[in-house]
Each structure stands twice: as structure tokens, then as C-alpha cells.
>>> print(open('my_file.cif').read())   # mmCIF, C-alpha atoms
data_coords
#
loop_
_atom_site.label_atom_id
_atom_site.label_comp_id
_atom_site.auth_asym_id
_atom_site.auth_seq_id
_atom_site.Cartn_x
_atom_site.Cartn_y
_atom_site.Cartn_z
CA MET A 1 93.38 119.49 46.02
CA ARG A 2 90.70 121.34 44.06
CA PRO A 3 87.94 122.99 46.14
CA ARG A 4 84.51 121.38 45.91
CA LYS A 5 81.87 123.04 43.72
CA LYS A 6 79.01 121.13 45.44
CA ASN A 7 78.41 119.10 48.61
CA ARG A 8 80.86 121.32 50.46
CA ASN A 9 79.61 119.93 53.77
CA LEU A 10 81.29 116.60 53.08
CA PRO A 11 84.73 115.77 54.47
CA PRO A 12 87.72 115.19 52.16
CA CYS A 13 87.55 112.15 49.88
CA VAL A 14 83.81 111.59 50.50
CA TYR A 15 81.40 111.84 47.55
CA LEU A 16 77.67 111.39 47.02
CA LYS A 17 76.90 109.19 44.04
CA HIS A 18 73.91 107.03 43.04
CA GLY A 19 72.12 107.70 46.35
CA ALA A 20 75.03 106.67 48.60
CA TYR A 21 78.16 108.18 50.13
CA TRP A 22 81.53 106.88 49.00
CA PHE A 23 85.08 107.17 50.32
CA VAL A 24 87.54 107.57 47.45
CA LYS A 25 91.24 107.02 48.05
CA LYS A 26 93.88 106.28 45.38
CA GLY A 27 91.22 105.53 42.83
CA LYS A 28 89.44 102.98 45.07
CA TRP A 29 85.75 103.62 45.82
CA THR A 30 84.51 102.30 49.19
CA ARG A 31 80.79 102.53 49.92
CA LEU A 32 80.07 104.11 53.29
CA ALA A 33 76.28 104.29 53.71
CA ALA A 34 73.11 105.67 52.20
CA ASP A 35 72.52 108.28 54.93
CA LEU A 36 75.00 110.93 56.03
CA PRO A 37 75.29 110.17 59.80
CA CYS A 38 76.13 106.51 59.14
CA ALA A 39 78.46 107.51 56.34
CA LEU A 40 80.36 109.87 58.63
CA ARG A 41 80.83 107.14 61.22
CA GLU A 42 82.20 104.79 58.60
CA TYR A 43 84.38 107.56 57.26
CA ALA A 44 85.89 108.11 60.71
CA LYS A 45 86.95 104.46 60.82
CA LEU A 46 88.64 104.64 57.43
CA ALA A 47 90.17 108.10 57.65
CA ALA A 48 91.35 108.15 61.26
CA PRO A 49 95.15 108.23 61.50
CA PRO A 50 96.62 104.98 62.91
CA GLU A 51 98.00 106.69 65.99
CA SER A 52 94.49 107.69 67.10
CA GLY A 53 92.87 104.26 66.81
CA MET A 54 92.16 101.54 69.37
CA ILE A 55 95.17 99.50 68.29
CA ALA A 56 97.48 102.39 69.16
CA LEU A 57 95.68 102.94 72.50
CA ILE A 58 95.96 99.27 73.47
CA ASP A 59 99.68 99.30 72.63
CA LYS A 60 100.20 102.56 74.54
CA THR A 61 98.49 101.31 77.70
CA TRP A 62 100.13 97.86 77.63
CA PRO A 63 103.24 98.64 79.74
CA HIS A 64 101.12 100.50 82.31
CA ILE A 65 98.60 97.66 82.70
CA ILE A 66 101.06 94.76 83.05
CA LYS A 67 103.43 96.55 85.42
CA GLY A 68 104.06 94.37 88.46
CA LEU A 69 101.81 91.51 87.31
CA ALA A 70 102.71 87.83 87.48
CA PRO A 71 104.00 86.27 84.22
CA SER A 72 100.93 84.00 83.98
CA THR A 73 98.62 87.02 84.23
CA VAL A 74 100.66 88.91 81.65
CA GLU A 75 100.26 85.99 79.25
CA GLN A 76 96.48 86.02 79.74
CA TYR A 77 96.39 89.77 79.16
CA ARG A 78 98.54 89.40 76.04
CA LEU A 79 95.91 87.10 74.55
CA ALA A 80 93.17 89.57 75.47
CA ALA A 81 95.09 92.52 74.00
CA ASN A 82 95.75 90.74 70.69
CA ARG A 83 92.14 89.63 70.28
CA LEU A 84 90.81 93.09 71.13
CA LYS A 85 93.14 94.69 68.58
CA ASP A 86 91.70 92.41 65.93
CA ILE A 87 88.12 93.12 66.95
CA LEU A 88 88.52 96.89 67.37
CA ALA A 89 90.93 97.51 64.49
CA GLU A 90 88.59 100.00 62.79
CA PHE A 91 87.50 101.82 65.96
CA THR A 92 88.82 104.97 67.52
CA PRO A 93 88.47 105.37 71.30
CA GLU A 94 85.77 108.02 70.82
CA GLN A 95 83.65 105.64 68.74
CA LEU A 96 83.53 102.83 71.28
CA ARG A 97 80.10 102.58 72.93
CA PRO A 98 78.69 100.35 75.71
CA ARG A 99 76.71 98.41 73.08
CA ASP A 100 80.00 97.58 71.30
CA VAL A 101 81.51 96.32 74.57
CA ALA A 102 78.38 94.24 75.24
CA ALA A 103 78.62 92.82 71.72
CA ILE A 104 82.20 91.67 72.41
CA ARG A 105 81.05 90.03 75.64
CA ASP A 106 78.17 88.27 73.89
CA HIS A 107 80.45 87.06 71.10
CA PHE A 108 82.40 85.01 73.68
CA ARG A 109 79.29 83.84 75.54
CA GLU A 110 80.30 80.18 75.20
CA THR A 111 83.45 80.89 77.25
CA PRO A 112 82.29 83.23 80.04
CA ASN A 113 85.66 83.30 81.81
CA GLN A 114 87.34 84.52 78.64
CA ALA A 115 84.55 87.01 77.93
CA ASN A 116 84.93 88.56 81.39
CA ARG A 117 88.71 88.68 81.07
CA PHE A 118 88.48 90.53 77.75
CA ILE A 119 86.01 93.08 79.14
CA SER A 120 88.09 93.53 82.29
CA TYR A 121 91.19 94.21 80.20
CA LEU A 122 89.32 96.61 77.92
CA ARG A 123 88.02 98.45 80.99
CA ASN A 124 91.64 98.99 82.11
CA VAL A 125 92.57 100.30 78.66
CA MET A 126 89.68 102.76 78.62
CA ASN A 127 90.42 103.91 82.19
CA TYR A 128 93.74 105.22 80.90
CA ALA A 129 91.95 106.82 77.96
CA VAL A 130 89.79 108.72 80.48
CA ASP A 131 92.85 109.70 82.56
CA TRP A 132 94.62 110.97 79.44
CA GLN A 133 91.47 112.89 78.39
CA ILE A 134 91.16 110.97 75.13
CA VAL A 135 87.53 110.11 75.99
CA GLU A 136 85.13 111.60 78.51
CA SER A 137 83.83 108.34 79.98
CA ASN A 138 84.62 104.62 80.05
CA PRO A 139 82.17 102.69 77.82
CA CYS A 140 82.88 99.47 79.76
CA VAL A 141 81.37 100.83 82.97
CA GLY A 142 77.90 99.41 83.47
CA VAL A 143 78.38 96.46 81.11
CA ARG A 144 77.53 93.41 83.19
CA ARG A 145 79.93 90.51 83.56
CA MET A 146 78.83 87.04 82.56
CA SER A 147 78.16 84.58 85.35
CA GLU A 148 80.97 82.06 85.67
CA LYS A 149 80.16 78.52 86.71
CA LYS A 150 82.49 77.25 89.41
CA ARG A 151 84.54 74.33 88.16
CA ASP A 152 83.77 71.21 90.20
CA ARG A 153 85.85 68.63 88.36
CA TYR A 154 87.62 66.29 90.77
CA LEU A 155 90.29 63.97 89.39
CA THR A 156 89.80 60.59 91.07
CA ASP A 157 92.70 58.43 92.19
CA GLU A 158 91.88 55.94 89.42
CA GLU A 159 91.89 58.70 86.78
CA TYR A 160 95.17 60.10 88.11
CA ARG A 161 96.80 56.66 87.90
CA ALA A 162 95.45 56.12 84.38
CA ILE A 163 96.85 59.44 83.15
CA TYR A 164 100.15 58.86 84.98
CA THR A 165 100.55 55.46 83.34
CA GLN A 166 100.16 57.00 79.87
CA ALA A 167 102.33 60.05 80.60
CA SER A 168 105.84 60.45 79.23
CA GLU A 169 108.82 59.99 81.55
CA ASN A 170 109.24 63.79 81.53
CA MET A 171 105.61 64.37 82.49
CA LYS A 172 105.35 61.86 85.35
CA PRO A 173 107.50 63.75 87.90
CA ILE A 174 105.78 67.03 86.93
CA MET A 175 102.40 65.49 87.74
CA ASP A 176 103.64 64.11 91.04
CA ILE A 177 105.29 67.32 92.19
CA CYS A 178 102.19 69.32 91.21
CA TYR A 179 100.13 66.95 93.36
CA PHE A 180 102.50 66.56 96.33
CA THR A 181 103.14 70.32 96.61
CA GLY A 182 99.67 71.63 95.63
CA GLN A 183 101.28 74.51 93.71
CA ARG A 184 100.30 76.15 90.44
CA ILE A 185 101.89 74.61 87.37
CA SER A 186 103.80 77.85 86.65
CA ASP A 187 105.40 77.72 90.12
CA VAL A 188 106.28 74.03 89.76
CA LEU A 189 108.01 74.64 86.42
CA ALA A 190 109.94 77.53 87.98
CA ILE A 191 111.47 75.38 90.76
CA LYS A 192 115.24 75.91 90.80
CA MET A 193 117.69 73.29 92.00
CA SER A 194 118.68 75.75 94.72
CA ASP A 195 115.06 75.85 95.97
CA ILE A 196 115.32 72.22 97.13
CA ASP A 197 116.94 71.13 100.39
CA ASP A 198 116.42 68.57 103.14
CA GLU A 199 113.50 70.57 104.55
CA GLY A 200 111.53 70.46 101.31
CA ILE A 201 110.89 72.79 98.37
CA HIS A 202 110.92 76.55 98.88
CA PHE A 203 108.47 78.50 96.73
CA LYS A 204 107.85 82.15 96.03
CA GLN A 205 104.49 82.06 94.31
CA GLY A 206 104.50 83.99 91.07
CA LYS A 207 100.89 85.11 91.34
CA THR A 208 100.79 86.29 94.96
CA GLY A 209 104.44 86.62 95.95
CA THR A 210 103.76 84.36 98.96
CA ARG A 211 106.82 82.55 100.32
CA LEU A 212 106.08 78.94 101.15
CA LEU A 213 107.96 75.83 102.24
CA VAL A 214 106.36 72.51 101.32
CA LYS A 215 107.94 70.02 103.70
CA MET A 216 109.73 67.00 102.39
CA THR A 217 107.85 63.70 102.47
CA PRO A 218 108.97 60.28 101.23
CA GLU A 219 106.62 60.58 98.21
CA LEU A 220 107.87 64.08 97.35
CA LYS A 221 111.49 62.93 97.70
CA VAL A 222 110.88 60.13 95.17
CA ALA A 223 109.28 62.57 92.71
CA ILE A 224 112.22 64.97 93.04
CA ASP A 225 114.71 62.14 92.49
CA ASP A 226 112.78 61.05 89.38
CA ALA A 227 112.96 64.61 88.03
CA LYS A 228 116.68 64.86 88.73
CA ALA A 229 117.28 61.55 86.94
CA LEU A 230 115.93 62.93 83.65
CA PRO A 231 118.56 63.83 80.99
CA ARG A 232 119.64 67.43 81.55
CA PRO A 233 122.59 69.69 80.69
CA THR A 234 124.84 70.82 83.53
CA ARG A 235 123.89 74.44 82.89
CA GLY A 236 120.20 73.82 83.59
CA THR A 237 119.21 75.72 86.73
CA THR A 238 115.58 74.61 87.02
CA LEU A 239 114.41 71.17 88.14
CA PHE A 240 112.52 70.71 84.89
CA CYS A 241 114.47 71.85 81.85
CA THR A 242 114.95 70.98 78.20
CA LYS A 243 117.43 68.27 77.36
CA ARG A 244 119.56 70.40 75.03
CA GLY A 245 119.36 74.05 75.94
CA GLY A 246 118.68 73.63 79.65
CA ASN A 247 115.80 76.09 79.43
CA GLN A 248 112.79 75.96 81.74
CA TYR A 249 109.85 74.02 80.32
CA SER A 250 107.15 76.26 78.89
CA TYR A 251 103.55 76.01 80.02
CA ALA A 252 102.46 75.24 76.45
CA THR A 253 104.85 72.27 76.25
CA VAL A 254 103.65 70.75 79.53
CA LYS A 255 100.02 71.39 78.62
CA SER A 256 100.53 69.47 75.39
CA MET A 257 102.25 66.61 77.24
CA TYR A 258 99.37 66.36 79.71
CA ARG A 259 96.75 66.45 76.95
CA SER A 260 98.51 63.61 75.16
CA ALA A 261 98.50 61.45 78.31
CA VAL A 262 94.85 62.29 79.01
CA SER A 263 93.86 61.34 75.48
CA LYS A 264 95.66 57.98 75.68
CA ALA A 265 94.10 57.29 79.10
CA GLU A 266 90.66 58.22 77.71
CA VAL A 267 89.90 60.47 80.68
CA GLU A 268 87.47 63.30 79.92
CA ARG A 269 87.16 66.93 80.97
CA THR A 270 90.44 67.40 82.79
CA THR A 271 93.12 70.08 82.58
CA LEU A 272 96.47 70.65 84.26
CA HIS A 273 94.76 72.84 86.85
CA ASP A 274 92.84 69.84 88.17
CA LEU A 275 96.09 68.55 89.72
CA ARG A 276 96.18 71.50 92.13
CA ALA A 277 92.49 71.12 92.91
CA LYS A 278 92.95 67.40 93.65
CA SER A 279 95.94 68.13 95.88
CA LEU A 280 94.15 70.73 98.01
CA THR A 281 90.94 68.68 98.16
CA ASP A 282 92.78 65.52 99.26
CA ALA A 283 94.84 67.50 101.79
CA LYS A 284 91.68 68.86 103.42
CA LYS A 285 90.06 65.41 103.37
CA GLN A 286 93.12 63.99 105.15
CA GLY A 287 92.89 66.65 107.88
CA LYS A 288 95.81 68.74 106.63
CA ASN A 289 95.93 72.52 106.25
CA ALA A 290 94.84 73.02 102.64
CA GLN A 291 94.91 76.82 103.03
CA ALA A 292 98.57 76.78 104.06
CA LEU A 293 99.44 74.34 101.26
CA GLY A 294 97.74 76.58 98.70
CA GLY A 295 99.52 79.66 100.04
CA HIS A 296 96.19 81.48 100.34
CA SER A 297 95.56 84.41 102.66
CA THR A 298 91.91 83.47 103.21
CA GLU A 299 89.91 80.25 103.46
CA ALA A 300 87.56 81.53 100.76
CA MET A 301 90.40 81.53 98.24
CA THR A 302 91.22 77.91 99.09
CA ASN A 303 87.58 76.88 98.82
CA ARG A 304 87.64 77.81 95.14
CA TYR A 305 89.86 74.76 94.64
CA ILE A 306 88.15 72.36 97.03
CA ARG A 307 85.97 69.77 95.31
CA ASN A 308 83.43 68.60 97.90
CA ARG A 309 82.66 65.02 96.93
CA SER A 310 81.74 63.61 100.35
CA THR A 311 78.15 62.80 101.31
CA ILE A 312 76.73 65.08 103.99
CA VAL A 313 75.36 63.16 107.00
CA ALA A 314 72.58 64.92 108.91
CA ASP A 315 70.48 64.10 112.01
CA ALA A 316 66.71 64.39 111.76
CA PRO A 317 64.89 66.58 114.32
CA SER A 318 62.89 65.06 117.16
CA PHE A 319 59.27 65.84 118.00
CA ARG A 320 57.21 64.75 120.98
CA HIS A 321 53.97 63.19 119.74
CA PRO A 322 50.90 62.62 121.95
CA VAL A 323 51.32 59.62 124.27
CA ASP A 324 48.91 57.40 122.36
CA LYS A 325 50.93 57.87 119.13
CA LEU A 326 54.17 57.11 120.92
CA ASP A 327 52.59 53.93 122.26
CA LYS A 328 51.57 52.87 118.76
CA MET A 329 55.11 53.54 117.52
CA ALA A 330 56.57 51.54 120.41
CA SER A 331 54.26 48.60 119.77
CA LYS A 332 55.40 48.20 116.17
#
>>> encode(input="my_file.cif", output="C-alpha cells")
Amino acid sequence: MRPRKKNRNLPPCVYLKHGAYWFVKKGKWTRLAADLPCALREYAKLAAPPESGMIALIDKTWPHIIKGLAPSTVEQYRLAANRLKDILAEFTPEQLRPRDVAAIRDHFRETPNQANRFISYLRNVMNYAVDWQIVESNPCVGVRRMSEKKRDRYLTDEEYRAIYTQASENMKPIMDICYFTGQRISDVLAIKMSDIDDEGIHFKQGKTGTRLLVKMTPELKVAIDDAKALPRPTRGTTLFCTKRGGNQYSYATVKSMYRSAVSKAEVERTTLHDLRAKSLTDAKKQGKNAQALGGHSTEAMTNRYIRNRSTIVADAPSFRHPVDKLDKMASK
């Protein structure tokens, strides 16, 4: 490379021409900016080696972040990681600022749960960057989370029956076992034939690791028998498995099956997760231990699923009026 005769303060491949700074690589001219500070920032994005960018950092931290997490959480984090790699493709860790993190949050304002999950994941990534001395501070610290509205959707008995009627024969026992056990859909799909005995269904919850026995009831027994009656290969080890390969049903497949039934039943604003909420809400209403059924360590965790649809009945206070007023009230 020939040494520069002018503008020696500029980095390699950057040139000043027609009042702007340009990045020139393999004959391609890319405009950076009209002023030098902005041009240098843009240059850093273009010239930084791939191994020093945010994509490389997200990939490097991935095995550390997901270690020991439940499969459902890993899947959520995988979505966050892929989206963040798209958004931050031209950033290096040193370039990321709190305003950039806030901009990501605001971009997903319509889905606050997702926005908070993305920022939470990015905070974990940047914590490792601080530990590894790649950056001096975490730009996610101090960026406020978005307020999340508690979901209060309760699936009525009529709505449940309508969806059940429209559901496929494969979906019906899944719905029933979700309801009669009160477990997360991922734990229901993971039920092995060996987890079922005369006592009931034995669970080890994927999210919390809690071991739980949901006792057998006549309704649960019918749902299990319906599931066992579905076509299945002999090598299938889970209660719900594909007809040919005997593999466990995926969440995406069951989600699609449920959506189809919901659409045909013309029921609005319901997801698979409403089955667990209905189960725990109905259990509490019937005087049963919803906290034990949910496998929660605290009542507060269970209350996140409870949909309070009953009318509160309250007694009015009493007050002793002067005698003459009491007489007037008695005479009416």
C-alpha cells in the first residue's frame, strides 16, 4: 500500500472527496459521513473484523448463558439471540450505547414481553463482555424495562367445549390432559408412557425441576386412554408422538393444531397457555390446592395464573344515627 501524501490522519481505505468521507474497498465507494467523528464511527462498523463484532460476542456467550436452562427458555433465548444478531450486525461491543439499547426496546414497544426479554438477554451478553474486559461497562444497565400488562384471559367452559369440538382427534386428548393436570404444555408433551401408573401421572417440570404427581381421576383416565388409542409406532416412548417416526410432538405443531381449532370455533384472544390458567383457576374455585397443582413454591407464582372472575361480596359499615333519625328510618 502506498503511503498517503495528504490527509494522513485518516485510517486506511478512508478518503475525503466532495466534502464527505468515503470508505473504499475493492473499488467500491461507500459514503461514511460529512464530518470526521461520524465518519470514523461508520468506518468502525465497516472495517471491524468479524470476530470483534456483536454477532461474534453473542455466539461466544451463547453456551454460557443457556447452561442449565429449561428447553423452553433456551428456545425463547434462541429467538432473542437471532433477532439481536440481525439488529446489531454492524456494531462492535464498544460501540453499543444505552441509547441503542433503549432504541431496541422502543422498537418492540407493541410487544412489551418480547422487548423485555430481548433487553434481558442482551444484558446477559454484555455482562460477559464486562467480565472478559471487552467493554468497561454494561450499556443495558439503567435502561428501564417496559411495563407488562398481566394477562387476564379466562377460557370459559363454553369456549373450551367449542374449541374441543373443532379440535382434531390428536389435539383433543392434549387439551384434556393440559386441563386435568394443570401443567405447562411442554411438560404435557414430554409425558413418557413410563410416567403413567395407577396413582396418576408423574412429572418433573422442565422449567423448575419440581417433581409432581397429579393423582388419577376418572376424567384424567379417560383422557389418557384417548391418547393411547391414537395411532402410534411401538417405538414411541412418549404419550403423544408422531404416527410414523414415534417422535415427541413439537410445541410448534401443537400450537398450530390449537390455532386451527380456535379459528374454526371462532373463539378470540386465546392461546395454549390459557389451558393452564383455566385449570389452576378452576381448581382454586373448586377448593383444591392450585399451588400444589401448579408445582409452585409460592402462592404469588400461582396467582399469576389465577383469573379472578367472581364478584366480590362486601358488607357495608354500620353507623349509629341520632335517635330521631333512627325513628324516621324505622317508620318507613
>>> closest_atom_pairs(input="my_file.cif", of="segment 143-252 of chain A", to="segment 263-280 of chain A", cutoff="9 Å", atoms="all atoms listed in the file", output="tab-separated table")
residue	atom	partner	partner_atom	distance
A:Arg153	CA	A:Asp274	CA	7.1
A:Tyr154	CA	A:Lys278	CA	6.2
A:Leu155	CA	A:Lys278	CA	6.1
A:Thr156	CA	A:Lys278	CA	7.9
A:Glu159	CA	A:Val267	CA	6.7
A:Tyr160	CA	A:Leu275	CA	8.7
A:Ala162	CA	A:Ala265	CA	5.6
A:Ile163	CA	A:Ala265	CA	5.3
A:Tyr164	CA	A:Ala265	CA	8.6
A:Thr165	CA	A:Ala265	CA	7.9
A:Gln166	CA	A:Ala265	CA	6.1
A:Ala167	CA	A:Lys264	CA	8.5
A:Met175	CA	A:Leu275	CA	7.3
A:Asp176	CA	A:Leu275	CA	8.9
A:Cys178	CA	A:Leu275	CA	6.3
A:Tyr179	CA	A:Ser279	CA	5.0
A:Phe180	CA	A:Ser279	CA	6.8
A:Thr181	CA	A:Ser279	CA	7.6
A:Gly182	CA	A:Arg276	CA	4.9
A:Gln183	CA	A:Arg276	CA	6.1
A:Arg184	CA	A:Arg276	CA	6.4
A:Ile185	CA	A:His273	CA	7.4
>>> residues_around(input="my_file.cif", residues="Gly200 of chain A", least_positions_apart="6", cutoff="10 Å", atoms="only C-alpha atoms", output="mmCIF file with C-alpha atoms, in the coordinates of the input")
data_model
loop_
_atom_site.group_PDB
_atom_site.id
_atom_site.type_symbol
_atom_site.label_atom_id
_atom_site.label_comp_id
_atom_site.auth_asym_id
_atom_site.auth_seq_id
_atom_site.Cartn_x
_atom_site.Cartn_y
_atom_site.Cartn_z
ATOM 1 C CA THR A 181 103.140 70.320 96.610
ATOM 2 C CA LEU A 213 107.960 75.830 102.240
ATOM 3 C CA VAL A 214 106.360 72.510 101.320
ATOM 4 C CA LYS A 215 107.940 70.020 103.700
ATOM 5 C CA MET A 216 109.730 67.000 102.390
ATOM 6 C CA THR A 217 107.850 63.700 102.470
ATOM 7 C CA LEU A 220 107.870 64.080 97.350
ATOM 8 C CA LYS A 221 111.490 62.930 97.700
ATOM 9 C CA ILE A 224 112.220 64.970 93.040
#
>>> resolve_selection(input="my_file.cif", expression="the PyMOL selection byres ((chain A and resi 249) around 12)", output="ChimeraX atom specification")
/A:170-171,174,185-192,232,236-248,250-257
>>> resolve_selection(input="my_file.cif", expression="the PyMOL selection byres ((chain A and resi 136-151) around 6)", output="PyMOL selection string")
chain A and resi 97-98+112+116+123+126+130+135+152-153
>>> resolve_selection(input="my_file.cif", expression="the PyMOL selection byres ((chain A and resi 52) around 12)", output="PyMOL selection string")
chain A and resi 44-51+53-60+89-95+129+134-135
>>> closest_residue(input="my_file.cif", among="A:Leu230, A:Gly206, A:Thr281, A:Ile201", to="Lys172 of chain A", atoms="all atoms listed in the file")
A:Leu230
